[in-house]
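Raw work_17.cif, mmCIF, C-alpha atoms:
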```
data_entry
loop_
_atom_site.label_atom_id
_atom_site.label_comp_id
_atom_site.auth_asym_id
_atom_site.auth_seq_id
_atom_site.Cartn_x
_atom_site.Cartn_y
_atom_site.Cartn_z
CA MET A 1 102.49 91.24 129.76
CA LYS A 2 104.42 93.49 127.37
CA VAL A 3 103.20 94.61 123.97
CA ARG A 4 106.19 92.77 122.51
CA ASP A 5 104.42 89.54 123.44
CA VAL A 6 101.88 89.94 120.59
CA THR A 7 102.68 88.31 117.24
CA VAL A 8 100.94 88.73 113.88
CA THR A 9 100.52 85.05 113.06
CA GLY A 10 98.26 85.56 110.04
CA ALA A 11 97.68 88.42 107.59
CA ALA A 12 95.65 88.74 104.41
CA LEU A 13 93.89 91.28 102.19
CA THR A 14 91.29 90.91 99.50
CA PRO A 15 91.72 93.08 96.40
CA PHE A 16 90.63 96.65 97.01
CA ASN A 17 88.46 97.87 94.14
CA ARG A 18 84.88 98.66 93.15
CA ARG A 19 82.98 95.39 93.32
CA LYS A 20 80.46 94.74 90.56
CA ASP A 21 80.26 90.95 90.88
CA GLY A 22 77.30 90.67 93.25
CA THR A 23 79.42 89.93 96.32
CA GLY A 24 79.13 91.87 99.56
CA PHE A 25 80.96 92.73 102.74
CA ARG A 26 80.28 89.31 104.29
CA ASP A 27 81.95 87.56 101.35
CA TRP A 28 85.05 89.78 101.43
CA ALA A 29 85.41 89.58 105.21
CA LEU A 30 85.09 85.79 105.16
CA SER A 31 87.66 85.49 102.37
CA ALA A 32 90.21 87.65 104.23
CA PHE A 33 89.59 85.83 107.51
CA GLU A 34 90.01 82.37 106.00
CA MET A 35 93.26 83.36 104.25
CA ALA A 36 94.69 84.86 107.44
CA LEU A 37 93.60 81.89 109.52
CA GLU A 38 95.23 79.44 107.10
CA ARG A 39 98.51 81.36 107.21
CA SER A 40 98.42 81.43 111.01
CA GLY A 41 98.41 77.63 111.34
CA LEU A 42 95.50 77.88 113.78
CA GLU A 43 91.99 76.43 113.74
CA ARG A 44 88.71 78.27 114.18
CA SER A 45 88.41 76.69 117.60
CA ASP A 46 91.62 78.47 118.66
CA ILE A 47 90.15 81.96 118.17
CA ASP A 48 89.04 83.54 121.45
CA ALA A 49 87.72 86.88 120.21
CA LEU A 50 86.77 88.80 117.10
CA TYR A 51 87.28 92.54 116.55
CA VAL A 52 85.61 94.15 113.54
CA ALA A 53 86.53 97.57 112.15
CA SER A 54 83.84 99.31 110.09
CA GLU A 55 83.38 103.06 109.84
CA SER A 56 79.67 103.35 109.11
CA ASP A 57 76.52 101.23 109.19
CA PHE A 58 75.34 103.21 106.17
CA PHE A 59 77.91 101.48 103.97
CA HIS A 60 76.74 97.91 104.52
CA LEU A 61 73.28 98.62 105.97
CA GLN A 62 73.98 96.25 108.84
CA LEU A 63 73.78 97.18 112.48
CA ASN A 64 75.89 95.02 114.81
CA PRO A 65 78.22 93.70 112.08
CA ALA A 66 80.59 92.03 114.56
CA SER A 67 77.95 89.52 115.64
CA VAL A 68 76.90 88.93 112.05
CA LEU A 69 80.47 88.22 110.98
CA ALA A 70 81.07 85.94 113.96
CA THR A 71 78.28 83.77 112.60
CA GLU A 72 79.61 83.99 109.03
CA PHE A 73 83.07 82.91 110.21
CA GLY A 74 81.83 79.98 112.26
CA LEU A 75 82.98 81.64 115.47
CA THR A 76 79.72 81.46 117.42
CA GLY A 77 80.55 81.63 121.11
CA VAL A 78 83.57 83.96 120.89
CA ALA A 79 83.59 87.50 122.21
CA ALA A 80 82.84 89.95 119.38
CA THR A 81 83.43 93.71 119.34
CA ARG A 82 82.90 96.37 116.68
CA CYS A 83 85.50 99.20 116.64
CA GLU A 84 85.00 102.61 115.02
CA GLY A 85 87.24 105.65 114.78
CA GLY A 86 86.63 107.14 111.34
CA GLY A 87 89.61 106.54 109.08
CA ALA A 88 91.47 105.15 112.10
CA SER A 89 88.90 102.39 112.68
CA GLY A 90 91.22 99.59 111.54
CA GLN A 91 94.10 100.62 113.78
CA VAL A 92 91.71 101.10 116.71
CA ALA A 93 90.62 97.48 116.22
CA VAL A 94 94.23 96.29 116.05
CA HIS A 95 95.07 98.12 119.25
CA THR A 96 91.99 96.86 121.08
CA ALA A 97 92.73 93.28 120.09
CA ALA A 98 96.41 93.49 121.06
CA ARG A 99 95.57 95.02 124.42
CA ALA A 100 93.15 92.15 125.10
CA ILE A 101 95.98 89.68 124.57
CA GLN A 102 98.30 91.70 126.78
CA ALA A 103 95.68 91.78 129.53
CA GLY A 104 95.40 87.99 129.45
CA ALA A 105 91.81 88.08 128.18
CA ALA A 106 92.62 86.14 125.00
CA LYS A 107 95.33 83.98 123.46
CA HIS A 108 94.43 84.24 119.76
CA VAL A 109 92.20 86.95 118.25
CA ALA A 110 90.95 87.77 114.76
CA VAL A 111 90.84 91.37 113.55
CA ILE A 112 88.76 92.15 110.48
CA GLY A 113 88.44 95.47 108.67
CA VAL A 114 85.75 95.78 106.02
CA ASP A 115 83.64 98.42 104.27
CA PRO A 116 81.83 98.66 100.94
CA SER A 117 82.89 102.28 100.54
CA ALA A 118 82.53 102.28 96.75
CA SER A 119 79.54 100.20 95.74
CA SER A 120 76.87 100.77 98.37
CA LEU A 121 76.10 104.49 97.94
CA SER A 122 76.46 107.17 95.30
CA GLY A 123 79.51 109.41 95.31
CA ASP A 124 77.43 112.39 96.45
CA ALA A 125 75.95 110.38 99.32
CA ILE A 126 79.42 109.27 100.41
CA ARG A 127 80.70 112.84 100.37
CA THR A 128 77.76 113.94 102.52
CA LEU A 129 78.32 111.04 104.90
CA TYR A 130 82.01 111.86 105.27
CA GLY A 131 81.06 115.41 106.22
CA PHE A 132 79.30 113.96 109.25
CA SER A 133 82.52 112.28 110.35
CA PHE A 134 83.72 115.75 111.30
CA ASP A 135 81.53 117.90 113.57
CA ALA A 136 78.09 117.37 112.05
CA TRP A 137 76.71 120.61 113.54
CA THR A 138 79.41 122.94 112.32
CA ASP A 139 80.75 121.08 109.28
CA GLY A 140 78.62 118.24 107.93
CA MET A 141 75.27 120.02 107.98
CA THR A 142 76.74 123.10 106.32
CA GLY A 143 77.76 121.06 103.28
CA LEU A 144 81.47 121.42 103.95
CA THR A 145 83.33 118.46 102.44
CA SER A 146 86.20 116.46 103.84
CA THR A 147 88.33 117.39 100.81
CA ALA A 148 87.83 121.09 101.53
CA LEU A 149 88.90 120.66 105.16
CA TYR A 150 91.95 118.61 104.18
CA ALA A 151 92.86 121.21 101.56
CA LEU A 152 92.67 124.04 104.10
CA SER A 153 94.92 122.15 106.49
CA PHE A 154 97.40 121.34 103.74
CA GLN A 155 97.53 124.94 102.53
CA ALA A 156 98.74 126.00 105.98
CA PHE A 157 101.33 123.20 106.04
CA ALA A 158 102.56 123.92 102.51
CA ALA A 159 103.01 127.62 103.20
CA GLU A 160 105.16 126.91 106.25
CA HIS A 161 107.23 124.10 104.77
CA GLY A 162 107.66 125.26 101.19
CA ILE A 163 105.72 122.36 99.67
CA THR A 164 105.01 122.74 95.95
CA GLU A 165 102.60 121.27 93.42
CA ALA A 166 105.58 119.31 92.09
CA ASP A 167 105.88 117.64 95.51
CA LEU A 168 102.22 116.65 95.37
CA ALA A 169 102.82 115.17 91.94
CA THR A 170 105.83 113.20 93.21
CA VAL A 171 103.77 111.59 95.99
CA THR A 172 100.95 110.78 93.57
CA LEU A 173 103.23 109.26 90.95
CA GLN A 174 105.25 107.26 93.48
CA ASN A 175 102.28 105.73 95.29
CA ARG A 176 100.40 104.77 92.14
CA SER A 177 103.61 103.41 90.60
CA ASN A 178 104.14 101.29 93.73
CA ALA A 179 100.60 99.99 93.27
CA CYS A 180 101.60 98.57 89.88
CA HIS A 181 103.49 95.86 91.83
CA ASN A 182 100.37 95.06 93.88
CA PRO A 183 97.94 92.67 92.13
CA GLY A 184 95.19 93.65 94.57
CA ALA A 185 95.46 97.41 94.02
CA HIS A 186 92.55 99.58 92.94
CA LEU A 187 94.49 102.22 91.00
CA PRO A 188 97.81 100.91 89.65
CA ARG A 189 98.68 103.75 87.26
CA ARG A 190 101.71 105.38 85.70
CA ASP A 191 100.53 108.93 85.10
CA SER A 192 102.65 111.89 84.10
CA PRO A 193 102.85 115.20 85.96
CA GLN A 194 100.80 116.68 83.11
CA ASP A 195 98.09 114.05 83.60
CA ILE A 196 97.82 115.17 87.22
CA ALA A 197 97.78 118.86 86.32
CA ASP A 198 95.04 118.23 83.76
CA SER A 199 92.77 116.30 86.13
CA PRO A 200 89.73 118.19 87.47
CA ALA A 201 90.21 120.58 90.40
CA ILE A 202 88.46 119.42 93.60
CA ALA A 203 89.60 121.81 96.36
CA SER A 204 92.73 123.88 95.82
CA PRO A 205 95.42 122.67 95.48
CA TYR A 206 93.94 119.18 95.20
CA ARG A 207 92.96 117.72 91.86
CA ARG A 208 91.22 114.42 91.29
CA LEU A 209 94.43 112.45 90.84
CA HIS A 210 95.73 113.78 94.18
CA CYS A 211 92.87 111.95 95.94
CA SER A 212 92.40 108.36 97.06
CA PRO A 213 89.51 106.42 95.50
CA LEU A 214 86.42 105.02 97.16
CA SER A 215 87.01 101.26 97.40
CA ASP A 216 85.43 98.01 98.53
CA GLY A 217 87.37 95.30 100.31
CA ALA A 218 88.48 93.60 103.50
CA ALA A 219 91.65 92.84 105.43
CA ALA A 220 92.35 90.46 108.29
CA ILE A 221 95.06 89.68 110.79
CA ILE A 222 95.33 86.99 113.44
CA LEU A 223 97.12 88.15 116.59
CA SER A 224 98.53 85.62 119.01
CA ARG A 225 100.23 85.67 122.38
CA THR A 226 103.83 85.08 121.36
CA ASP A 227 104.36 82.10 123.63
CA ALA A 228 101.27 80.48 122.04
CA THR A 229 102.30 81.11 118.43
CA PRO A 230 102.38 77.95 116.27
CA ARG A 231 105.92 76.73 115.76
CA ARG A 232 105.81 77.21 111.99
CA ARG A 233 105.04 80.91 112.55
CA ALA A 234 107.90 81.55 114.96
CA GLY A 235 109.46 84.06 112.53
CA ALA A 236 106.34 86.20 112.21
CA ALA A 237 106.46 89.93 112.87
CA ARG A 238 105.58 91.25 116.29
CA ILE A 239 103.74 94.34 117.46
CA ALA A 240 106.34 96.44 119.23
CA GLY A 241 104.46 99.62 120.11
CA MET A 242 101.11 101.34 119.73
CA GLY A 243 99.98 104.90 120.24
CA THR A 244 96.77 106.89 119.93
CA ALA A 245 95.91 110.55 120.49
CA THR A 246 93.32 113.18 119.62
CA ASP A 247 93.35 116.83 118.55
CA HIS A 248 90.67 119.52 118.63
CA MET A 249 87.82 118.64 116.27
CA HIS A 250 87.85 122.09 114.61
CA LEU A 251 90.82 123.21 112.51
CA GLY A 252 90.31 126.84 113.51
CA ALA A 253 90.73 125.98 117.19
CA ARG A 254 94.14 124.37 116.69
CA ALA A 255 97.36 126.23 117.37
CA ASP A 256 98.66 125.08 113.99
CA PRO A 257 95.92 123.82 111.63
CA GLY A 258 98.53 122.47 109.22
CA PHE A 259 100.37 120.26 111.70
CA PHE A 260 99.06 116.86 112.77
CA THR A 261 99.67 117.20 116.51
CA ALA A 262 97.64 114.10 117.40
CA LYS A 263 99.84 112.03 115.08
CA GLN A 264 103.00 113.42 116.67
CA ILE A 265 101.75 112.45 120.14
CA ALA A 266 100.59 109.00 119.01
CA MET A 267 103.98 108.34 117.42
CA GLN A 268 105.82 109.42 120.54
CA ARG A 269 103.75 106.99 122.59
CA ALA A 270 104.30 104.13 120.15
CA CYS A 271 108.06 104.76 120.02
CA ALA A 272 108.29 104.87 123.81
CA GLU A 273 106.51 101.52 124.03
CA ALA A 274 108.64 99.97 121.28
CA GLY A 275 111.93 101.38 122.55
CA ALA A 276 112.52 102.72 119.05
CA THR A 277 113.00 106.09 117.35
CA PRO A 278 111.46 107.43 114.12
CA ALA A 279 114.90 107.19 112.51
CA GLU A 280 114.78 103.40 112.94
CA ILE A 281 111.58 103.02 110.90
CA GLY A 282 112.64 101.42 107.63
CA LEU A 283 109.27 101.17 105.92
CA ALA A 284 105.87 102.72 106.53
CA GLU A 285 102.31 102.46 105.34
CA LEU A 286 100.98 105.99 105.80
CA TYR A 287 97.48 107.42 105.59
CA ASP A 288 97.45 109.21 102.23
CA ALA A 289 93.80 110.09 101.73
CA TYR A 290 95.29 112.97 99.73
CA ALA A 291 98.82 113.46 98.44
CA GLY A 292 99.47 116.33 100.83
CA THR A 293 98.19 114.31 103.78
CA GLN A 294 101.12 111.94 103.33
CA LEU A 295 103.58 114.85 103.52
CA GLN A 296 101.89 116.20 106.64
CA SER A 297 102.05 112.73 108.18
CA ILE A 298 105.76 112.35 107.41
CA ALA A 299 106.48 115.57 109.28
CA ALA A 300 104.29 114.77 112.29
CA LEU A 301 105.65 111.24 112.63
CA GLY A 302 109.19 112.56 112.77
CA LEU A 303 110.28 110.67 109.66
CA SER A 304 111.89 113.78 108.18
CA GLU A 305 113.03 117.24 109.24
CA ASP A 306 112.77 118.52 105.65
CA VAL A 307 109.93 116.73 103.91
CA SER A 308 110.33 118.23 100.43
CA ARG A 309 114.08 117.63 100.36
CA ASP A 310 113.83 114.02 101.49
CA LEU A 311 110.90 113.33 99.17
CA ASN A 312 112.88 114.51 96.17
CA ASN A 313 116.17 112.81 97.11
CA GLY A 314 114.46 109.41 97.15
CA ALA A 315 114.37 108.84 100.90
CA PHE A 316 110.82 107.47 100.69
CA ALA A 317 111.17 105.55 97.44
CA PRO A 318 111.10 101.71 97.44
CA THR A 319 114.89 101.57 97.88
CA GLY A 320 115.11 104.63 100.15
CA ARG A 321 115.95 104.77 103.84
CA CYS A 322 112.25 104.65 104.74
CA ALA A 323 110.15 103.14 101.95
CA ILE A 324 106.65 104.60 102.14
CA ASN A 325 103.44 103.03 100.84
CA LEU A 326 104.96 100.14 98.95
CA SER A 327 101.40 98.81 98.69
CA GLY A 328 100.39 101.95 96.82
CA GLY A 329 98.79 103.43 99.91
CA LEU A 330 95.20 104.61 99.90
CA MET A 331 95.86 106.45 96.65
CA GLY A 332 97.02 103.34 94.79
CA GLN A 333 95.96 100.25 96.71
CA GLY A 334 92.59 101.75 97.59
CA ALA A 335 90.62 102.90 100.61
CA PRO A 336 87.78 100.78 102.03
CA VAL A 337 87.71 102.73 105.27
CA GLY A 338 87.34 100.02 107.91
CA ALA A 339 89.82 97.80 106.09
CA THR A 340 92.52 100.46 105.76
CA GLY A 341 94.24 100.25 109.15
CA VAL A 342 93.97 96.46 109.34
CA GLY A 343 95.31 96.27 105.78
CA GLN A 344 98.26 98.49 106.66
CA THR A 345 99.15 96.27 109.60
CA ALA A 346 98.80 93.15 107.45
CA THR A 347 100.98 94.72 104.76
CA CYS A 348 103.70 95.70 107.24
CA ALA A 349 103.70 92.20 108.74
CA LEU A 350 104.02 90.59 105.32
CA LEU A 351 106.73 93.05 104.29
CA LEU A 352 108.78 92.31 107.40
CA GLU A 353 108.60 88.62 106.54
CA GLY A 354 109.82 89.34 102.99
CA ARG A 355 106.58 88.02 101.51
CA TYR A 356 105.03 91.08 99.92
CA HIS A 357 107.01 93.41 97.67
CA PRO A 358 109.69 92.35 95.15
CA SER A 359 111.99 95.30 95.86
CA LEU A 360 112.57 94.23 99.47
CA GLN A 361 114.76 91.16 99.91
CA PRO A 362 115.29 89.36 103.25
CA ASP A 363 118.83 90.71 103.69
CA THR A 364 117.64 94.32 103.29
CA LEU A 365 114.51 94.22 105.42
CA PRO A 366 114.45 96.82 108.21
CA ARG A 367 113.88 96.02 111.85
CA TYR A 368 110.80 98.23 112.24
CA ALA A 369 107.77 99.06 110.13
CA LEU A 370 105.04 101.61 110.82
CA ALA A 371 101.29 101.47 110.14
CA ASP A 372 99.63 104.88 110.40
CA THR A 373 95.99 105.99 110.21
CA HIS A 374 93.80 108.82 111.38
CA GLY A 375 90.17 109.91 111.43
CA GLY A 376 88.98 113.39 110.54
CA VAL A 377 91.74 115.81 109.61
CA CYS A 378 93.95 113.92 112.06
CA THR A 379 91.44 114.47 114.84
CA LEU A 380 92.03 110.89 116.02
CA SER A 381 95.41 109.30 115.27
CA ALA A 382 96.41 105.66 115.76
CA VAL A 383 99.80 104.21 114.84
CA THR A 384 101.39 100.79 115.24
CA ILE A 385 105.10 99.87 115.13
CA LEU A 386 105.87 96.31 114.07
CA GLU A 387 109.19 94.55 114.61
CA ARG A 388 110.87 91.89 112.51
CA ALA A 389 111.10 88.79 114.67
CA GLU A 390 114.64 87.77 113.66
CA LYS A 391 116.06 90.93 115.23
CA ALA A 392 113.71 91.27 118.17
CA ALA A 393 115.25 92.20 121.46
#
```
Show the structure stored in the file as structure tokens.
Amino acid sequence: MKVRDVTVTGAALTPFNRRKDGTGFRDWALSAFEMALERSGLERSDIDALYVASESDFFHLQLNPASVLATEFGLTGVAATRCEGGGASGQVAVHTAARAIQAGAAKHVAVIGVDPSASSLSGDAIRTLYGFSFDAWTDGMTGLTSTALYALSFQAFAAEHGITEADLATVTLQNRSNACHNPGAHLPRRDSPQDIADSPAIASPYRRLHCSPLSDGAAAIILSRTDATPRRRAGAARIAGMGTATDHMHLGARADPGFFTAKQIAMQRACAEAGATPAEIGLAELYDAYAGTQLQSIAALGLSEDVSRDLNNGAFAPTGRCAINLSGGLMGQGAPVGATGVGQTATCALLLEGRYHPSLQPDTLPRYALADTHGGVCTLSAVTILERAEKAA
């Protein structure tokens, strides 16, 4: 069975923010699941398997969250699997679920991404925990932070590609401005370049406003074998191609510490499976943990041969040839880690149906959309290409 035979029949996201209302990860996951299930036109009894993306047990203090959520969802009896790949956890879950359908092991599956990344631990504890998502022996236990590692990688990229602080500001302003159209966004802001320049320095060249926030939230999609999709969802977006790849864990061991080689390989694999090229991607939800990370991702994914030029000529703006992070991305919409990749896929599916962002009308929707995540400093990359059903081959 081909990957093209998998349809996103349901998609939903809770707001991404810092929860202070007494709710927890079970509540958010259940809310996202029920919204996605309702949109799919399916019943609970139709779901064959559940895949749960969650980066760390430390966030929700719950071992074996997949089984717990199966009970919460009323899915007792289904197969349940927890997927983890750092920042790529959500996309890893999407891929695992889609491959199960392709293999004939399931007809309809639920994919849930959830993490209380903001409310469960202190900021210092989170920073320490993230250090262990790299090599704990050489990085995490030395006190080296993820921001410092990302900054080192970006410095190498910026020096080679002529990226400036003004480019970082452009990404920051665009993503947070896009988030102003997203009622579920964590940081919908309209800052000025001076606001960014005045924000506290974190790790050169990154300042606080260049960074994504810690967020709580959940996202869900229902994937179905296309020939089993409910009739009313016949126009839903399809998964066209998926790709994953890894790079050396240590930046210093890479041939080019500023280039996301794993992302380049993952994209090549996804394009080969989809029968598409990077030039055909008309919108993308990219992993922008930091403003510079988005620029590095654009280059590795093959979405531009001159990132700074295309950024500043509007190629990635909402009306550009490849609209990037219309949701606001991690920087604007927010970043509950396990929910990120599932949320990107849900967003792309909704966008391709013309049901998400006001700047995209049905007659201007592209054929392909891209959801992109990675764990570590692109140590593990996972990307998904979705295709608009009306123009499917």
Please write the residues picked by the PyMOL selection byres ((chain A and resi 180) around 10) on this file as number ranges by chain.
A: 175-179, 181-190, 326-328, 332-333
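The two atoms in question, atom CA of Gly354 of chain A and atom CA of Asp167 of chain A, are spaced 29.5 Å apart.
Put simply, the PyMOL selection byres ((chain A and resi 282) around 6) in this file takes in A:Ile281, A:Leu283, A:Cys322, A:Pro366, A:Tyr368, A:Ala369.
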How would the residues just picked look written out with C-alpha atoms as a PDB file, keeping the file's coordinate frame?
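The file below, result_37.pdb, is the result:
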```pdb
ATOM      1  CA  ILE A 281     111.580 103.020 110.900  1.00  0.00           C
ATOM      2  CA  LEU A 283     109.270 101.170 105.920  1.00  0.00           C
ATOM      3  CA  CYS A 322     112.250 104.650 104.740  1.00  0.00           C
ATOM      4  CA  PRO A 366     114.450  96.820 108.210  1.00  0.00           C
ATOM      5  CA  TYR A 368     110.800  98.230 112.240  1.00  0.00           C
ATOM      6  CA  ALA A 369     107.770  99.060 110.130  1.00  0.00           C
TER       7      ALA A 369
END
```
Point-to-point distance in Å for atom CA of Gln102 of chain A and atom CA of Arg233 of chain A:
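Separation between atom CA of Arg233 of chain A and atom CA of Gln102 of chain A: 19.1 Å.
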Between atom CA of Ala323 of chain A and atom CA of Ala300 of chain A, what distance in Å does the model show, to one decimal?
16.6 Å
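Counting all atoms listed in the file, the residue from A:Thr96, A:Asp135, A:Phe157, A:Tyr290 that sits nearest to Ala203 of chain A is A:Tyr290.
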I need segment 277-334 of chain A written out with C-alpha atoms, as a PDB file, in the first residue's frame; please produce it.
```
ATOM      1  CA  THR A 277      10.290  18.699  -5.416  1.00  0.00           C
ATOM      2  CA  PRO A 278      11.036  21.392  -2.807  1.00  0.00           C
ATOM      3  CA  ALA A 279      10.028  24.012  -5.378  1.00  0.00           C
ATOM      4  CA  GLU A 280       6.474  22.609  -5.331  1.00  0.00           C
ATOM      5  CA  ILE A 281       6.020  23.195  -1.593  1.00  0.00           C
ATOM      6  CA  GLY A 282       3.603  26.109  -1.303  1.00  0.00           C
ATOM      7  CA  LEU A 283       3.378  26.368   2.469  1.00  0.00           C
ATOM      8  CA  ALA A 284       5.414  24.994   5.347  1.00  0.00           C
ATOM      9  CA  GLU A 285       5.304  24.725   9.102  1.00  0.00           C
ATOM     10  CA  LEU A 286       8.980  24.737  10.070  1.00  0.00           C
ATOM     11  CA  TYR A 287      10.728  24.033  13.354  1.00  0.00           C
ATOM     12  CA  ASP A 288      11.699  27.499  14.606  1.00  0.00           C
ATOM     13  CA  ALA A 289      12.867  26.854  18.150  1.00  0.00           C
ATOM     14  CA  TYR A 290      15.020  29.925  17.460  1.00  0.00           C
ATOM     15  CA  ALA A 291      14.781  32.475  14.670  1.00  0.00           C
ATOM     16  CA  GLY A 292      18.020  31.293  13.097  1.00  0.00           C
ATOM     17  CA  THR A 293      16.894  27.673  13.214  1.00  0.00           C
ATOM     18  CA  GLN A 294      14.156  28.525  10.728  1.00  0.00           C
ATOM     19  CA  LEU A 295      16.724  29.976   8.309  1.00  0.00           C
ATOM     20  CA  GLN A 296      18.940  26.912   8.668  1.00  0.00           C
ATOM     21  CA  SER A 297      15.914  24.703   8.022  1.00  0.00           C
ATOM     22  CA  ILE A 298      14.930  26.621   4.883  1.00  0.00           C
ATOM     23  CA  ALA A 299      18.386  26.028   3.432  1.00  0.00           C
ATOM     24  CA  ALA A 300      18.556  22.331   4.344  1.00  0.00           C
ATOM     25  CA  LEU A 301      15.058  21.613   3.047  1.00  0.00           C
ATOM     26  CA  GLY A 302      15.949  23.097  -0.321  1.00  0.00           C
ATOM     27  CA  LEU A 303      13.284  25.803  -0.110  1.00  0.00           C
ATOM     28  CA  SER A 304      15.770  28.498  -1.112  1.00  0.00           C
ATOM     29  CA  GLU A 305      19.217  28.844  -2.653  1.00  0.00           C
ATOM     30  CA  ASP A 306      19.668  32.297  -1.095  1.00  0.00           C
ATOM     31  CA  VAL A 307      17.874  32.380   2.237  1.00  0.00           C
ATOM     32  CA  SER A 308      18.493  36.030   3.144  1.00  0.00           C
ATOM     33  CA  ARG A 309      17.451  37.291  -0.294  1.00  0.00           C
ATOM     34  CA  ASP A 310      14.245  35.265  -0.396  1.00  0.00           C
ATOM     35  CA  LEU A 311      13.392  36.122   3.207  1.00  0.00           C
ATOM     36  CA  ASN A 312      13.622  39.828   2.474  1.00  0.00           C
ATOM     37  CA  ASN A 313      11.808  39.724  -0.880  1.00  0.00           C
ATOM     38  CA  GLY A 314       8.730  38.208   0.772  1.00  0.00           C
ATOM     39  CA  ALA A 315       9.044  34.667  -0.552  1.00  0.00           C
ATOM     40  CA  PHE A 316       8.092  33.226   2.855  1.00  0.00           C
ATOM     41  CA  ALA A 317       5.447  35.784   3.800  1.00  0.00           C
ATOM     42  CA  PRO A 318       1.751  34.776   3.955  1.00  0.00           C
ATOM     43  CA  THR A 319       1.269  35.703   0.287  1.00  0.00           C
ATOM     44  CA  GLY A 320       4.719  34.531  -0.848  1.00  0.00           C
ATOM     45  CA  ARG A 321       5.586  31.551  -3.024  1.00  0.00           C
ATOM     46  CA  CYS A 322       6.112  29.387   0.073  1.00  0.00           C
ATOM     47  CA  ALA A 323       4.268  30.751   3.101  1.00  0.00           C
ATOM     48  CA  ILE A 324       6.138  29.700   6.239  1.00  0.00           C
ATOM     49  CA  ASN A 325       4.700  29.310   9.736  1.00  0.00           C
ATOM     50  CA  LEU A 326       1.294  30.821   9.113  1.00  0.00           C
ATOM     51  CA  SER A 327       0.378  29.436  12.536  1.00  0.00           C
ATOM     52  CA  GLY A 328       3.099  31.554  14.105  1.00  0.00           C
ATOM     53  CA  GLY A 329       5.427  28.580  14.385  1.00  0.00           C
ATOM     54  CA  LEU A 330       6.990  27.604  17.676  1.00  0.00           C
ATOM     55  CA  MET A 331       7.951  31.228  18.255  1.00  0.00           C
ATOM     56  CA  GLY A 332       4.386  32.517  17.949  1.00  0.00           C
ATOM     57  CA  GLN A 333       1.961  29.625  18.289  1.00  0.00           C
ATOM     58  CA  GLY A 334       4.012  28.008  21.040  1.00  0.00           C
TER      59      GLY A 334
END
```
